[in-house]
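A.B. asks: Structure: start_14.json, JSON, C-alpha atoms.
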```
[["chain", "number", "residue", "atom", "x", "y", "z"],
["P", 267, "MET", "CA", 0.00, 0.00, 0.00],
["P", 268, "ASN", "CA", 0.99, 3.61, -0.50],
["P", 269, "ARG", "CA", 1.37, 4.44, 3.20],
["P", 270, "LYS", "CA", 4.17, 6.29, 4.93],
["P", 271, "PRO", "CA", 5.57, 4.15, 7.74],
["P", 272, "ASP", "CA", 6.50, 7.14, 9.90],
["P", 273, "THR", "CA", 3.07, 8.80, 9.84],
["P", 274, "GLY", "CA", 1.06, 6.14, 11.58],
["P", 275, "GLY", "CA", -0.57, 4.82, 8.40],
["P", 276, "ALA", "CA", -1.57, 8.19, 6.92],
["P", 277, "LEU", "CA", -2.11, 8.26, 3.19],
["P", 278, "ALA", "CA", 0.74, 9.51, 1.05],
["P", 279, "PRO", "CA", 0.37, 12.82, -0.83],
["P", 280, "ARG", "CA", -0.02, 10.95, -4.14],
["P", 281, "SER", "CA", -3.15, 9.28, -2.76],
["P", 282, "TRP", "CA", -4.64, 12.63, -1.87],
["P", 283, "ALA", "CA", -3.63, 14.09, -5.24],
["P", 284, "ALA", "CA", -5.36, 11.20, -7.01],
["P", 285, "PHE", "CA", -8.47, 11.67, -4.88],
["P", 286, "VAL", "CA", -8.66, 15.42, -5.50],
["P", 287, "ALA", "CA", -8.10, 15.15, -9.28],
["P", 288, "ARG", "CA", -10.60, 12.29, -9.62],
["P", 289, "THR", "CA", -13.23, 14.00, -7.48],
["P", 290, "ILE", "CA", -13.03, 17.37, -9.25],
["P", 291, "LEU", "CA", -13.09, 15.65, -12.65],
["P", 292, "GLY", "CA", -16.08, 13.60, -11.55],
["P", 293, "LEU", "CA", -17.94, 16.64, -10.26],
["P", 294, "ILE", "CA", -17.35, 18.63, -13.45],
["P", 295, "PHE", "CA", -18.67, 15.89, -15.72],
["P", 296, "PHE", "CA", -21.42, 14.64, -13.40],
["P", 297, "MET", "CA", -22.87, 18.11, -12.94],
["P", 298, "ALA", "CA", -22.64, 18.89, -16.67],
["P", 299, "GLY", "CA", -24.34, 15.61, -17.50],
["P", 300, "PHE", "CA", -26.97, 16.11, -14.80],
["P", 301, "TRP", "CA", -27.86, 19.54, -16.18],
["P", 302, "LYS", "CA", -27.91, 18.32, -19.79],
["P", 303, "VAL", "CA", -30.07, 15.28, -18.98],
["P", 304, "PHE", "CA", -32.49, 16.65, -16.36],
["P", 305, "GLU", "CA", -32.62, 20.40, -16.99],
["P", 306, "LEU", "CA", -31.88, 21.01, -20.67],
["P", 307, "GLY", "CA", -32.84, 17.58, -21.97],
["P", 308, "ALA", "CA", -30.61, 15.32, -24.05],
["P", 309, "VAL", "CA", -32.65, 15.85, -27.23],
["P", 310, "GLN", "CA", -32.49, 19.63, -26.86],
["P", 311, "HIS", "CA", -28.74, 19.33, -26.20],
["P", 312, "ALA", "CA", -28.38, 17.37, -29.43],
["P", 313, "ARG", "CA", -30.55, 19.75, -31.42],
["P", 314, "GLY", "CA", -28.94, 22.98, -30.25],
["P", 315, "LEU", "CA", -25.31, 22.07, -29.73],
["P", 316, "PHE", "CA", -24.84, 19.44, -32.43],
["P", 317, "VAL", "CA", -27.47, 19.23, -35.18],
["P", 318, "GLU", "CA", -28.06, 22.94, -35.68],
["P", 319, "ALA", "CA", -24.47, 23.96, -34.93],
["P", 320, "TYR", "CA", -22.89, 21.48, -37.37],
["P", 321, "ALA", "CA", -25.62, 21.17, -40.01],
["P", 322, "ASP", "CA", -23.42, 22.86, -42.63],
["P", 323, "THR", "CA", -20.46, 20.49, -42.12],
["P", 324, "PHE", "CA", -19.67, 17.17, -43.81],
["P", 325, "LEU", "CA", -20.93, 15.26, -40.75],
["P", 326, "PRO", "CA", -24.10, 13.26, -41.34],
["P", 327, "ALA", "CA", -27.17, 14.31, -39.35],
["P", 328, "TRP", "CA", -27.53, 10.87, -37.76],
["P", 329, "SER", "CA", -24.03, 11.14, -36.24],
["P", 330, "LEU", "CA", -24.82, 14.59, -34.84],
["P", 331, "TRP", "CA", -28.02, 13.31, -33.25],
["P", 332, "ALA", "CA", -26.30, 10.20, -31.86],
["P", 333, "ALA", "CA", -23.39, 12.11, -30.34],
["P", 334, "GLY", "CA", -25.56, 14.95, -29.08],
["P", 335, "VAL", "CA", -27.98, 12.63, -27.27],
["P", 336, "ALA", "CA", -25.32, 10.22, -25.97],
["P", 337, "ILE", "CA", -22.83, 12.72, -24.54],
["P", 338, "PRO", "CA", -25.01, 13.96, -21.66],
["P", 339, "PHE", "CA", -25.60, 10.38, -20.48],
["P", 340, "ILE", "CA", -21.91, 9.49, -20.84],
["P", 341, "GLU", "CA", -20.95, 12.58, -18.83],
["P", 342, "LEU", "CA", -23.52, 11.78, -16.15],
["P", 343, "ALA", "CA", -22.61, 8.09, -15.82],
["P", 344, "CYS", "CA", -18.83, 8.44, -16.12],
["P", 345, "GLY", "CA", -18.80, 11.46, -13.83],
["P", 346, "ALA", "CA", -20.70, 9.45, -11.20],
["P", 347, "LEU", "CA", -18.27, 6.53, -11.60],
["P", 348, "MET", "CA", -15.32, 8.88, -11.14],
["P", 349, "LEU", "CA", -16.89, 10.40, -8.04],
["P", 350, "ALA", "CA", -17.33, 6.96, -6.52],
["P", 351, "GLY", "CA", -13.95, 5.81, -7.73],
["P", 352, "TRP", "CA", -15.58, 2.71, -9.21],
["P", 353, "ARG", "CA", -14.78, 1.36, -12.69],
["P", 354, "ARG", "CA", -12.39, 4.29, -13.12],
["P", 355, "ARG", "CA", -10.76, 2.95, -16.29],
["P", 356, "ILE", "CA", -14.11, 2.62, -18.04],
["P", 357, "ALA", "CA", -15.11, 6.07, -16.81],
["P", 358, "ALA", "CA", -11.80, 7.54, -17.97],
["P", 359, "LEU", "CA", -12.26, 5.98, -21.40],
["P", 360, "GLY", "CA", -15.75, 7.48, -21.68],
["P", 361, "LEU", "CA", -14.65, 10.93, -20.53],
["P", 362, "GLY", "CA", -11.59, 10.83, -22.76],
["P", 363, "GLY", "CA", -13.83, 9.99, -25.71],
["P", 364, "VAL", "CA", -16.09, 12.93, -24.89],
["P", 365, "LEU", "CA", -13.09, 15.27, -24.67],
["P", 366, "ILE", "CA", -11.74, 14.05, -28.02],
["P", 367, "LEU", "CA", -15.14, 14.44, -29.68],
["P", 368, "VAL", "CA", -15.65, 17.93, -28.21],
["P", 369, "THR", "CA", -12.15, 18.94, -29.31],
["P", 370, "PHE", "CA", -12.86, 17.74, -32.86],
["P", 371, "GLY", "CA", -16.17, 19.60, -32.94],
["P", 372, "HIS", "CA", -14.75, 22.86, -31.66],
["P", 373, "LEU", "CA", -11.88, 22.71, -34.15],
["P", 374, "LEU", "CA", -14.26, 21.88, -36.99],
["P", 375, "ALA", "CA", -16.33, 24.96, -36.18],
["P", 376, "GLU", "CA", -13.42, 27.23, -35.30],
["P", 377, "PRO", "CA", -9.89, 26.05, -36.21],
["P", 378, "LEU", "CA", -8.26, 28.42, -33.70],
["P", 379, "TYR", "CA", -10.66, 27.65, -30.82],
["P", 380, "VAL", "CA", -9.34, 28.67, -27.38],
["P", 381, "PHE", "CA", -9.24, 25.54, -25.20],
["P", 382, "SER", "CA", -7.90, 27.07, -22.00],
["P", 383, "ALA", "CA", -11.28, 27.47, -20.28],
["P", 384, "HIS", "CA", -12.91, 24.17, -21.14],
["P", 385, "VAL", "CA", -10.97, 21.30, -22.68],
["P", 386, "ILE", "CA", -7.47, 21.73, -21.25],
["P", 387, "PRO", "CA", -8.42, 21.79, -17.53],
["P", 388, "ARG", "CA", -10.60, 18.71, -17.93],
["P", 389, "THR", "CA", -7.96, 16.91, -19.95],
["P", 390, "LEU", "CA", -5.27, 17.68, -17.38],
["P", 391, "LEU", "CA", -7.46, 16.38, -14.56],
["P", 392, "LEU", "CA", -8.15, 13.22, -16.55],
["P", 393, "VAL", "CA", -4.45, 12.67, -17.27],
["P", 394, "ILE", "CA", -3.54, 13.23, -13.61],
["P", 395, "ALA", "CA", -6.26, 10.83, -12.49],
["P", 396, "LEU", "CA", -5.03, 8.22, -15.00],
["P", 397, "LEU", "CA", -1.40, 8.61, -13.98],
["P", 398, "LEU", "CA", -2.29, 8.24, -10.31],
["P", 399, "PHE", "CA", -4.74, 5.31, -10.63],
["P", 400, "GLU", "CA", -2.51, 2.97, -8.64],
["P", 401, "ASP", "CA", -2.12, 5.55, -5.87],
["P", 402, "ASP", "CA", -5.84, 6.29, -5.52],
["P", 403, "HIS", "CA", -6.41, 4.40, -2.29],
["P", 404, "LEU", "CA", -9.52, 6.45, -1.52],
["P", 405, "SER", "CA", -11.38, 5.10, -4.55],
["P", 406, "LEU", "CA", -13.88, 2.28, -4.38],
["P", 407, "ASP", "CA", -11.72, 0.39, -6.90],
["P", 408, "GLY", "CA", -8.73, 0.75, -4.56],
["P", 409, "ARG", "CA", -10.75, -0.45, -1.60],
["P", 410, "LEU", "CA", -12.07, -3.46, -3.50],
["P", 411, "ALA", "CA", -8.57, -4.33, -4.72],
["P", 412, "ARG", "CA", -7.24, -4.28, -1.15],
["P", 413, "ARG", "CA", -10.05, -6.59, 0.00],
["P", 414, "THR", "CA", -9.29, -9.18, -2.68],
["P", 415, "THR", "CA", -5.49, -9.22, -2.44],
["P", 416, "PRO", "CA", -3.75, -10.43, 0.71],
["P", 417, "GLU", "CA", -1.40, -7.92, 2.35]]
```
Will you turn the file into structure tokens for me?
C.D. replies:
Amino acid sequence: MNRKPDTGGALAPRSWAAFVARTILGLIFFMAGFWKVFELGAVQHARGLFVEAYADTFLPAWSLWAAGVAIPFIELACGALMLAGWRRRIAALGLGGVLILVTFGHLLAEPLYVFSAHVIPRTLLLVIALLLFEDDHLSLDGRLARRTTPE
């Protein structure tokens, strides 16, 4: 385990860093997904932010509808998984896919899109959470792994 022997079993700073990055990332995506699903509506999200916004591009309408309706649910589910620290790799894959898709869309609409306020912070949190997966002892995955492996 990632414990310091001289601190009476306290978690190492890397464990806390993993927890903070994962929790903030989870909150950002969970709350965005929650709003898009329960306040705005997934169909309205698709219509306004995908179908209408990218109607003049080479992308087929069916792909715009599919992505626009799916993304709110992916954000909601993967954000919740990250918050719980359960199935983090699956959640990270889903959130990474959303970030890649959003990056592609923004660049398609505006080739010099400024990413500093939206995509970059989320991507950095995702990368930090991925790099610190093994140190995230405060996650449900970490707890379950400790219960199944003898110490």
A.B. asks: Nearest to Ala395 in chain P among P:Gly351, P:Leu374, P:Ala343, P:Gln310, with distances taken over all atoms listed in the file: which residue is it?
C.D. replies: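 That would be P:Gly351, the residue with the smallest distance to Ala395 in chain P.
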A.B. asks: For Leu359 in chain P, work out the shell of residues within 10 Å, counting all atoms listed in the file and skipping chain neighbours fewer than 6 positions away, then give it as a list in words.
C.D. replies: Cys344, Leu365, Leu392 and Leu396 of chain P
A.B. asks: Looking at all atoms listed in the file, which of P:Gly362, P:Pro377, P:Gly345, P:Pro338 is the one that sits closest to Lys302 in chain P?
C.D. replies: P:Pro338
A.B. asks: Which residue is closest to Ala287 in chain P? Choose from P:Ala358, P:Leu391, P:Ile386, P:Val364 and count only C-alpha atoms.
C.D. replies: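 The answer is P:Leu391, which sits nearest to Ala287 in chain P.
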A.B. asks: Might I get the box with edges along x, y and z of the file that holds all atoms of range 311-317 of chain P listed there, padded by 4 Å on every side, given as centre and edge lengths in Å to one decimal, as lines of an AutoDock Vina configuration file?
C.D. replies:
```
center_x = -27.7
center_y = 20.2
center_z = -30.7
size_x = 13.7
size_y = 13.6
size_z = 17.0
```
A.B. asks: In Å to one decimal, how far is CA of Gly360 in chain P from CA of Arg409 in chain P?
C.D. replies: 22.2 Å
A.B. asks: Here is a test: counting only C-alpha atoms, which residue of P:Ile340, P:Val286, P:Leu406, P:Ala327 is nearest to Ala357 in chain P?
C.D. replies: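 Ranked by minimum distance to Ala357 in chain P, first place goes to P:Ile340.
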A.B. asks: Considering all atoms listed in the file, state which residue in the set P:Val368, P:Leu330, P:Ile356, P:Val385 is at the smallest distance from Gly314 in chain P.
C.D. replies: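 For Gly314 in chain P, the nearest of the candidates is P:Leu330.
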A.B. asks: Quick one: of P:Arg355, P:Ala346, P:Arg412, P:Ile366, who's nearest to Ile290 in chain P, counting only C-alpha atoms?
C.D. replies: P:Ala346
A.B. asks: Please tell me which residues are no farther than 12 Å from (-26.8, 11.5, -28.8) in the file, counting all atoms listed in the file, and write them as an mmCIF file with C-alpha atoms, in the coordinates of the input.
C.D. replies:
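The result, written out as point17.cif:
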```cif
data_model
loop_
_atom_site.group_PDB
_atom_site.id
_atom_site.type_symbol
_atom_site.label_atom_id
_atom_site.label_comp_id
_atom_site.auth_asym_id
_atom_site.auth_seq_id
_atom_site.Cartn_x
_atom_site.Cartn_y
_atom_site.Cartn_z
ATOM 1 C CA LYS P 302 -27.910 18.320 -19.790
ATOM 2 C CA VAL P 303 -30.070 15.280 -18.980
ATOM 3 C CA GLY P 307 -32.840 17.580 -21.970
ATOM 4 C CA ALA P 308 -30.610 15.320 -24.050
ATOM 5 C CA VAL P 309 -32.650 15.850 -27.230
ATOM 6 C CA GLN P 310 -32.490 19.630 -26.860
ATOM 7 C CA HIS P 311 -28.740 19.330 -26.200
ATOM 8 C CA ALA P 312 -28.380 17.370 -29.430
ATOM 9 C CA ARG P 313 -30.550 19.750 -31.420
ATOM 10 C CA GLY P 314 -28.940 22.980 -30.250
ATOM 11 C CA LEU P 315 -25.310 22.070 -29.730
ATOM 12 C CA PHE P 316 -24.840 19.440 -32.430
ATOM 13 C CA VAL P 317 -27.470 19.230 -35.180
ATOM 14 C CA ALA P 327 -27.170 14.310 -39.350
ATOM 15 C CA TRP P 328 -27.530 10.870 -37.760
ATOM 16 C CA SER P 329 -24.030 11.140 -36.240
ATOM 17 C CA LEU P 330 -24.820 14.590 -34.840
ATOM 18 C CA TRP P 331 -28.020 13.310 -33.250
ATOM 19 C CA ALA P 332 -26.300 10.200 -31.860
ATOM 20 C CA ALA P 333 -23.390 12.110 -30.340
ATOM 21 C CA GLY P 334 -25.560 14.950 -29.080
ATOM 22 C CA VAL P 335 -27.980 12.630 -27.270
ATOM 23 C CA ALA P 336 -25.320 10.220 -25.970
ATOM 24 C CA ILE P 337 -22.830 12.720 -24.540
ATOM 25 C CA PRO P 338 -25.010 13.960 -21.660
ATOM 26 C CA PHE P 339 -25.600 10.380 -20.480
ATOM 27 C CA ILE P 340 -21.910 9.490 -20.840
ATOM 28 C CA GLU P 341 -20.950 12.580 -18.830
ATOM 29 C CA VAL P 364 -16.090 12.930 -24.890
#
```
A.B. asks: Can you pull out the residues contacting Phe399 in chain P? Cut-off 10 Å, using all atoms listed in the file, and skip same-chain residues under 4 positions away; I want them as a list in words.
C.D. replies: Arg280, Ser281, Ala284, Phe285, Arg288, Gly351, Arg354, Arg355, Val393, Ile394, Ala395, His403, Ser405, Asp407 and Gly408 of chain P
A.B. asks: Distance CA of Met297 in chain P-CA of Leu342 in chain P, one decimal place?
C.D. replies: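 Result for CA of Met297 in chain P versus CA of Leu342 in chain P: 7.1 Å, one decimal.
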A.B. asks: What is the distance between CA of Arg413 in chain P and CA of Gly292 in chain P, in Å to one decimal?
C.D. replies: 24.0 Å
